[in-house]
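Structure first, then comments.
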Amino acid sequence: MNSRFDLVILGSGSTAFAAAIRATSYGARVLMFEKSVLGGTCINWGCIPSKTLIHAALFKHEAQLGNSIGLNSDEFSTIDSDRLFRHRDAVVTKLRQDRYLDVLKNMRGLELVKGTARFIDPHTVECGGLHYSSDRFLIAVGGNPRIPSLPGIEKCSYDTSRSALLLKILPASLVIIGGGVIAVELGQMYHRLGCRVTILEHGPRILPAIERETSLSLQEILEKEGIKIVTNVNISSLDKLGVLNVVNAEVDERQHIFTGEKILLAVGTVPATSNIGLESTGVTLNDEGFIVTDRHMRSSADGIWAAGDVVGNMMIATTGAKEGIVAVDDMFNKGCGCAMDYLAAPMAIFTDPEVAMVGHTEESARDAGFDCVVNCMPVSAIPKAHVTGMTDGVIKMIADRVTGRILGVHLACHRGADMINEAALALHMRATVADIASTMHVYPSIGEGLKLCAQGFSRDINRLSCCAE
């Protein structure tokens, strides 16, 4: 038996669903394959469970801050782990039902097959002994946490970003190998829930892929909270000593030992491209196994597109969904000119304060040929920051010197994930520093920080009165 569809999608996560919904709007008959749980990483063991626990940890932290100004909240000193994790599971279950299962049930033209689909040629996949054909395929199988080859790792009790969010009991101590997004988000979360946390980063600073000012600002904030951050670490081996896991490492040419009840491996993502038959399609992979695509999300094989974590660009849910939509538009609306613009895609890291960014870094702007002008402002310059007591952090704005057009915004700031949306709109509309500087903002508000940073290009903001234009 060989069933034929207008579009076949491998995967059922946020990327796949966004693409499927878009395709059905063109009247297409769509088939999705899912080998695991409907909804993929974001809903099941990524964005939703992590942000639920991060927000819970924020409640506890803010209760402690309240104690410092006379709002005694001693009842928050202990944690009911069982109740907390039931809450996490309830949120995941509800959103999986509302956003995926109910959508699938009510979406005409969309079908799901449970199992792993494997290509047998560029126009056919096989699953469970049945063949399915199409002129259009979208590969949206996502990725998996990378497990590094470290001597002795098989002796240890370690978690990945996936299993660390499914724990039923909070560990007393945690050593995190890696200093990227997962490390800082989960590290701060577990620290605030009462876990002793050590972060080991191979490079000279955490979050090496983001702007130096925001990275160093966050590092200082995390260390002030009590998280131990060690940089320039080379892992030698792992071991187990009773109930403790042991990390032997060289730090600045000296041997160190770090111990923890649990180890969290936070060293990146590998694409889930193995065992899906890509060798029979002509799809090109890069050296790390990610699918190579153009800006229209076309692979090197005619009729095959790819999107989401499997292409290895910005591995966040919103970008993956946009990539899926761009791919479908390219499939069903030839000549639309639909293409990904990664510079316009905002991104946030959900620490506290939140780190967020959109557009060029200072380095990439100069590499692109811009004559840049930059302003980096401390968050303490925002009046509302003193109202909330959250004065740590920075806001960095990059602009073209000649035109004043905003090229990038990078910040570590309370409510930074909300603020970056205004910056993304500014980039999309090709707004200038003067546009932001002259736009009225609510006073007092944290969002006013963008206006103050823009004003700082041409004047001393310390000499401005409240609400001054």
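Residues are referred to by chain and number: the chain letter is A, B, ... according to the order shown in the structure tokens, the number counts from 1 in that chain, and ligands are numbered separately from 1 in the order shown.
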
**Asked** Skipping near chain neighbours, those fewer than 3 positions away, what residues fall within 12 Å of Gly303 in chain A using only C-alpha atoms, listed as a list in words?
**Response**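 Contacts, in chain order: Asp6, Leu7, Val8, Ile9, Asp121, Pro122, His123, Thr124, Ser133, Ser134, Asp135, Arg136, Phe137, Leu138, Ile139, Thr281, Gly282, Val283, Met297, Arg298, Ser299, Ser300, Ala306, Ala327, Val328, Asp330, Met331 and Phe332 of chain A.
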
Take the residues that were just selected and, keeping N, CA and C atoms, output them as an mmCIF file, in the first residue's frame.
```
data_model
loop_
_atom_site.group_PDB
_atom_site.id
_atom_site.type_symbol
_atom_site.label_atom_id
_atom_site.label_comp_id
_atom_site.auth_asym_id
_atom_site.auth_seq_id
_atom_site.Cartn_x
_atom_site.Cartn_y
_atom_site.Cartn_z
ATOM 1 N N ASP A 6 -0.091 15.707 0.018
ATOM 2 C CA ASP A 6 0.474 16.933 -0.551
ATOM 3 C C ASP A 6 1.750 17.348 0.187
ATOM 4 N N LEU A 7 1.817 17.010 1.464
ATOM 5 C CA LEU A 7 3.003 17.309 2.267
ATOM 6 C C LEU A 7 3.143 16.255 3.342
ATOM 7 N N VAL A 8 4.357 15.750 3.509
ATOM 8 C CA VAL A 8 4.682 14.817 4.585
ATOM 9 C C VAL A 8 5.703 15.488 5.499
ATOM 10 N N ILE A 9 5.400 15.503 6.803
ATOM 11 C CA ILE A 9 6.274 16.146 7.785
ATOM 12 C C ILE A 9 6.801 15.101 8.747
ATOM 13 N N ASP A 121 13.514 6.645 -0.642
ATOM 14 C CA ASP A 121 13.979 7.403 -1.799
ATOM 15 C C ASP A 121 13.543 8.848 -1.577
ATOM 16 N N PRO A 122 13.935 9.788 -2.418
ATOM 17 C CA PRO A 122 13.620 11.195 -2.151
ATOM 18 C C PRO A 122 12.135 11.540 -2.133
ATOM 19 N N HIS A 123 11.273 10.620 -2.565
ATOM 20 C CA HIS A 123 9.844 10.922 -2.638
ATOM 21 C C HIS A 123 8.983 9.964 -1.824
ATOM 22 N N THR A 124 9.615 9.095 -1.022
ATOM 23 C CA THR A 124 8.859 8.078 -0.301
ATOM 24 C C THR A 124 9.491 7.808 1.057
ATOM 25 N N SER A 133 4.002 8.609 0.115
ATOM 26 C CA SER A 133 4.686 9.379 -0.923
ATOM 27 C C SER A 133 4.200 10.821 -0.962
ATOM 28 N N SER A 134 5.062 11.695 -1.453
ATOM 29 C CA SER A 134 4.713 13.087 -1.649
ATOM 30 C C SER A 134 5.761 13.742 -2.532
ATOM 31 N N ASP A 135 5.390 14.863 -3.121
ATOM 32 C CA ASP A 135 6.367 15.687 -3.834
ATOM 33 C C ASP A 135 7.028 16.692 -2.904
ATOM 34 N N ARG A 136 6.526 16.741 -1.647
ATOM 35 C CA ARG A 136 7.056 17.718 -0.691
ATOM 36 C C ARG A 136 7.219 17.055 0.672
ATOM 37 N N PHE A 137 8.423 17.179 1.212
ATOM 38 C CA PHE A 137 8.714 16.691 2.557
ATOM 39 C C PHE A 137 9.319 17.818 3.377
ATOM 40 N N LEU A 138 8.928 17.871 4.643
ATOM 41 C CA LEU A 138 9.569 18.782 5.592
ATOM 42 C C LEU A 138 10.148 17.940 6.723
ATOM 43 N N ILE A 139 11.453 18.065 6.917
ATOM 44 C CA ILE A 139 12.121 17.351 8.004
ATOM 45 C C ILE A 139 12.185 18.294 9.203
ATOM 46 N N THR A 281 18.495 10.145 0.038
ATOM 47 C CA THR A 281 17.772 11.309 -0.475
ATOM 48 C C THR A 281 18.642 12.321 -1.215
ATOM 49 N N GLY A 282 19.937 12.328 -0.933
ATOM 50 C CA GLY A 282 20.795 13.373 -1.492
ATOM 51 C C GLY A 282 20.816 14.643 -0.652
ATOM 52 N N VAL A 283 20.240 14.592 0.559
ATOM 53 C CA VAL A 283 20.265 15.742 1.464
ATOM 54 C C VAL A 283 21.667 15.904 2.045
ATOM 55 N N MET A 297 14.662 27.525 3.336
ATOM 56 C CA MET A 297 14.617 26.257 4.064
ATOM 57 C C MET A 297 14.627 25.054 3.133
ATOM 58 N N ARG A 298 15.105 25.261 1.899
ATOM 59 C CA ARG A 298 15.252 24.142 0.962
ATOM 60 C C ARG A 298 16.557 23.407 1.250
ATOM 61 N N SER A 299 16.490 22.088 1.262
ATOM 62 C CA SER A 299 17.704 21.292 1.375
ATOM 63 C C SER A 299 18.332 21.154 -0.008
ATOM 64 N N SER A 300 19.404 20.381 -0.078
ATOM 65 C CA SER A 300 20.067 20.161 -1.371
ATOM 66 C C SER A 300 19.307 19.194 -2.264
ATOM 67 N N ALA A 306 13.743 21.550 5.287
ATOM 68 C CA ALA A 306 14.029 21.223 6.694
ATOM 69 C C ALA A 306 13.903 22.485 7.531
ATOM 70 N N ALA A 327 9.156 27.577 4.923
ATOM 71 C CA ALA A 327 9.287 26.405 4.054
ATOM 72 C C ALA A 327 7.980 26.097 3.337
ATOM 73 N N VAL A 328 6.869 26.114 4.071
ATOM 74 C CA VAL A 328 5.566 25.797 3.463
ATOM 75 C C VAL A 328 5.164 26.856 2.446
ATOM 76 N N ASP A 330 7.142 28.595 0.673
ATOM 77 C CA ASP A 330 7.974 28.349 -0.506
ATOM 78 C C ASP A 330 7.458 27.160 -1.311
ATOM 79 N N MET A 331 6.909 26.173 -0.626
ATOM 80 C CA MET A 331 6.376 24.991 -1.314
ATOM 81 C C MET A 331 5.131 25.311 -2.134
ATOM 82 N N PHE A 332 4.175 26.033 -1.516
ATOM 83 C CA PHE A 332 2.849 26.179 -2.092
ATOM 84 C C PHE A 332 2.593 27.545 -2.716
#
```

**Request:** Do a neighbour search on Val292 in chain A at 12 Å with only C-alpha atoms, toss out local chain neighbours closer than 2 positions, and write the hits as a VMD selection string.
**Result:** chain A and resid 139 271 273 282 to 290 294 to 301 304 to 313

**Message:** So that I can check the surroundings of range 17-26 of chain A, please list as a PyMOL selection string every protein, DNA and RNA residue that reaches within 6 Å of it, counting only C-alpha atoms and ignoring chain neighbours fewer than 3 positions away.
**Reply:** chain A and resi 14+321+324-325

Could you please take those selected residues and save C-alpha atoms as a PDB file, in the first residue's frame?
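Here's the written file selection.pdb:
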```
ATOM      1  CA  SER A  14       6.236  23.371  17.360  1.00  0.00           C
ATOM      2  CA  ALA A 321       8.008  27.747  13.756  1.00  0.00           C
ATOM      3  CA  GLY A 324       8.456  25.875   9.068  1.00  0.00           C
ATOM      4  CA  ILE A 325       6.083  28.568   7.794  1.00  0.00           C
TER       5      ILE A 325
END
```

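Counting only C-alpha atoms and comparing A:Val433, A:Arg212, A:Ser458, A:Ala412, the residue that lies closest to Met390 in chain A is A:Ala412.
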
**Prompt:** In terms of the shortest atom-to-atom distance over only C-alpha atoms, which of A:Ala164, A:Leu71, A:Ile349, A:Val233 is closest to Asp418 in chain A?
**Reply:**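 That would be A:Ile349, the residue with the smallest distance to Asp418 in chain A.
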
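The spacing separating CA of Glu279 in chain A from CA of Ser149 in chain A amounts to 25.4 Å.
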
**Request:** Grab the CA of Phe370 in chain A to CA of Ala399 in chain A distance for me, in Å with one decimal place.
**Result:** 8.7 Å

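The nearest approach to Thr293 in chain A among the residues A:Ser215, A:Glu363, A:Ile420, A:Ala339, with only C-alpha atoms taken into account, belongs to A:Ala339.
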
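Residue nearest Val373 in chain A within the list A:Asn275, A:Thr388, A:Gly416, A:Asp400: A:Asp400 [criterion: smallest interatomic distance, only C-alpha atoms].
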
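CA of Leu84 in chain A is found 25.6 Å from CA of Asn245 in chain A.
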
**Request:** Could you give me the residues within range 230-364 of chain A that DSSP places in strand (DSSP E), as a PyMOL selection string?
**Result:** chain A and resi 230+233-241+244-251+254-260+262-265+269-271+304-306+347-349+354-359

Suppose we keep N, CA and C atoms; can you now write the selection as a CSV table (one decimal), in the first residue's frame?
```csv
chain,number,residue,atom,x,y,z
A,230,VAL,N,32.9,28.5,37.4
A,230,VAL,CA,34.4,28.3,37.1
A,230,VAL,C,34.6,28.3,35.6
A,233,VAL,N,37.9,25.8,32.1
A,233,VAL,CA,37.9,24.4,32.6
A,233,VAL,C,38.1,23.4,31.5
A,234,ASN,N,39.0,22.5,31.8
A,234,ASN,CA,39.2,21.3,30.9
A,234,ASN,C,38.9,20.1,31.7
A,235,ILE,N,37.8,19.4,31.4
A,235,ILE,CA,37.5,18.2,32.1
A,235,ILE,C,38.4,17.1,31.8
A,236,SER,N,39.0,16.4,32.8
A,236,SER,CA,39.9,15.3,32.7
A,236,SER,C,39.2,14.0,32.7
A,237,SER,N,38.3,13.8,33.7
A,237,SER,CA,37.6,12.6,33.9
A,237,SER,C,36.5,12.7,34.9
A,238,LEU,N,35.6,11.7,34.9
A,238,LEU,CA,34.5,11.7,35.8
A,238,LEU,C,34.6,10.4,36.7
A,239,ASP,N,34.0,10.4,37.9
A,239,ASP,CA,34.1,9.3,38.7
A,239,ASP,C,32.9,9.3,39.7
A,240,LYS,N,32.7,8.2,40.4
A,240,LYS,CA,31.7,8.2,41.5
A,240,LYS,C,32.3,7.8,42.8
A,241,LEU,N,32.0,8.6,43.8
A,241,LEU,CA,32.6,8.3,45.2
A,241,LEU,C,31.4,8.2,46.1
A,244,LEU,N,28.3,10.6,45.7
A,244,LEU,CA,28.7,11.8,45.0
A,244,LEU,C,29.3,11.5,43.7
A,245,ASN,N,29.0,12.3,42.7
A,245,ASN,CA,29.7,12.3,41.4
A,245,ASN,C,30.9,13.2,41.5
A,246,VAL,N,32.0,12.8,40.9
A,246,VAL,CA,33.3,13.6,41.0
A,246,VAL,C,33.7,14.0,39.6
A,247,VAL,N,34.0,15.3,39.4
A,247,VAL,CA,34.5,15.8,38.2
A,247,VAL,C,36.0,16.2,38.4
A,248,ASN,N,36.9,15.6,37.8
A,248,ASN,CA,38.3,16.0,37.8
A,248,ASN,C,38.6,16.9,36.6
A,249,ALA,N,39.2,18.0,36.9
A,249,ALA,CA,39.3,19.0,35.9
A,249,ALA,C,40.6,19.8,36.1
A,250,GLU,N,41.1,20.4,35.0
A,250,GLU,CA,42.2,21.3,35.0
A,250,GLU,C,41.7,22.7,34.8
A,251,VAL,N,42.0,23.6,35.8
A,251,VAL,CA,41.5,25.0,35.7
A,251,VAL,C,42.8,25.9,35.8
A,254,ARG,N,45.9,24.1,36.8
A,254,ARG,CA,45.9,23.5,38.1
A,254,ARG,C,44.8,22.5,38.2
A,255,GLN,N,45.0,21.3,38.9
A,255,GLN,CA,44.0,20.3,39.0
A,255,GLN,C,43.0,20.6,40.1
A,256,HIS,N,41.7,20.4,39.8
A,256,HIS,CA,40.7,20.7,40.7
A,256,HIS,C,39.7,19.5,40.7
A,257,ILE,N,39.0,19.3,41.9
A,257,ILE,CA,38.0,18.3,42.0
A,257,ILE,C,36.6,19.0,42.4
A,258,PHE,N,35.6,18.7,41.6
A,258,PHE,CA,34.3,19.2,41.9
A,258,PHE,C,33.3,18.0,42.1
A,259,THR,N,32.5,18.1,43.2
A,259,THR,CA,31.6,17.0,43.5
A,259,THR,C,30.1,17.5,43.5
A,260,GLY,N,29.2,16.6,43.2
A,260,GLY,CA,27.8,16.9,43.3
A,260,GLY,C,27.0,15.6,43.3
A,262,LYS,N,24.3,15.3,41.7
A,262,LYS,CA,24.0,15.1,40.3
A,262,LYS,C,24.9,15.9,39.4
A,263,ILE,N,25.1,15.4,38.2
A,263,ILE,CA,25.8,16.1,37.1
A,263,ILE,C,24.8,16.4,36.0
A,264,LEU,N,24.8,17.7,35.6
A,264,LEU,CA,24.0,18.0,34.4
A,264,LEU,C,24.9,18.3,33.2
A,265,LEU,N,24.7,17.6,32.2
A,265,LEU,CA,25.4,17.8,30.9
A,265,LEU,C,24.7,18.8,30.1
A,269,THR,N,23.4,20.6,21.5
A,269,THR,CA,22.4,19.7,20.9
A,269,THR,C,23.0,19.0,19.6
A,270,VAL,N,22.6,17.8,19.4
A,270,VAL,CA,22.9,17.1,18.2
A,270,VAL,C,21.6,16.9,17.4
A,271,PRO,N,21.6,17.0,16.1
A,271,PRO,CA,20.4,16.8,15.3
A,271,PRO,C,20.0,15.4,15.3
A,304,ILE,N,12.6,18.5,-0.8
A,304,ILE,CA,12.8,18.2,0.7
A,304,ILE,C,13.3,19.5,1.3
A,305,TRP,N,12.5,20.0,2.3
A,305,TRP,CA,12.8,21.2,3.1
A,305,TRP,C,13.1,20.7,4.5
A,306,ALA,N,13.7,21.6,5.3
A,306,ALA,CA,14.0,21.2,6.7
A,306,ALA,C,13.9,22.5,7.5
A,347,MET,N,15.5,36.8,20.6
A,347,MET,CA,15.8,35.6,21.4
A,347,MET,C,15.9,36.0,22.9
A,348,ALA,N,15.5,35.2,23.8
A,348,ALA,CA,15.6,35.5,25.2
A,348,ALA,C,16.1,34.3,26.0
A,349,ILE,N,16.9,34.6,27.0
A,349,ILE,CA,17.4,33.5,28.0
A,349,ILE,C,16.7,33.8,29.3
A,354,GLU,N,16.4,38.6,32.9
A,354,GLU,CA,16.4,37.9,31.6
A,354,GLU,C,17.4,38.6,30.6
A,355,VAL,N,18.0,37.7,29.8
A,355,VAL,CA,19.0,38.2,28.8
A,355,VAL,C,18.2,38.1,27.5
A,356,ALA,N,18.3,39.1,26.7
A,356,ALA,CA,17.6,39.1,25.4
A,356,ALA,C,18.4,39.8,24.3
A,357,MET,N,18.1,39.5,23.1
A,357,MET,CA,18.9,40.1,22.0
A,357,MET,C,18.1,40.0,20.7
A,358,VAL,N,18.4,40.9,19.8
A,358,VAL,CA,17.9,40.9,18.4
A,358,VAL,C,18.9,41.6,17.5
A,359,GLY,N,19.1,41.2,16.3
A,359,GLY,CA,19.9,41.9,15.4
A,359,GLY,C,21.4,41.6,15.5
```

**Asked** So which bits of range 317-409 of chain A end up alpha helix (DSSP H) when you DSSP the backbone, as a PyMOL selection string?
**Response** chain A and resi 317-332+362-367+383-388

**Asked** Of the residues A:Val409, A:Ala434, A:Leu427, A:Ile169, which is the one nearest to Tyr190 in chain A, using only C-alpha atoms?
**Response**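 Distance minimum relative to Tyr190 in chain A lands on A:Ile169.
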
**Message:** I'd like the contact shell of Leu425 in chain A - 10 Å cut-off, only C-alpha atoms, skipping same-chain residues fewer than 6 positions apart - returned as a list in words.
**Reply:**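 Skipping anything fewer than 6 positions along the chain leaves Ala344, Ala345, Pro346, Val358 and Ala431 of chain A.
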
Keeping only C-alpha atoms, take the residues you just selected and write them out as a PDB file, in the first residue's frame.
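This went into selection.pdb:
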```pdb
ATOM      1  CA  ALA A 344      14.976  40.104  12.856  1.00  0.00           C
ATOM      2  CA  ALA A 345      14.383  37.148  15.186  1.00  0.00           C
ATOM      3  CA  PRO A 346      14.456  38.066  18.889  1.00  0.00           C
ATOM      4  CA  VAL A 358      17.937  40.876  18.427  1.00  0.00           C
ATOM      5  CA  ALA A 431      13.845  52.578  12.943  1.00  0.00           C
TER       6      ALA A 431
END
```

**Prompt:** From the set A:Cys372, A:Cys156, A:Ala417, A:Met314, which residue has the shortest atom-to-atom contact distance to Ile398 in chain A, counting only C-alpha atoms?
**Reply:**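 Checking each of A:Cys372, A:Cys156, A:Ala417, A:Met314 against Ile398 in chain A, counting only C-alpha atoms, the winner is A:Cys372.
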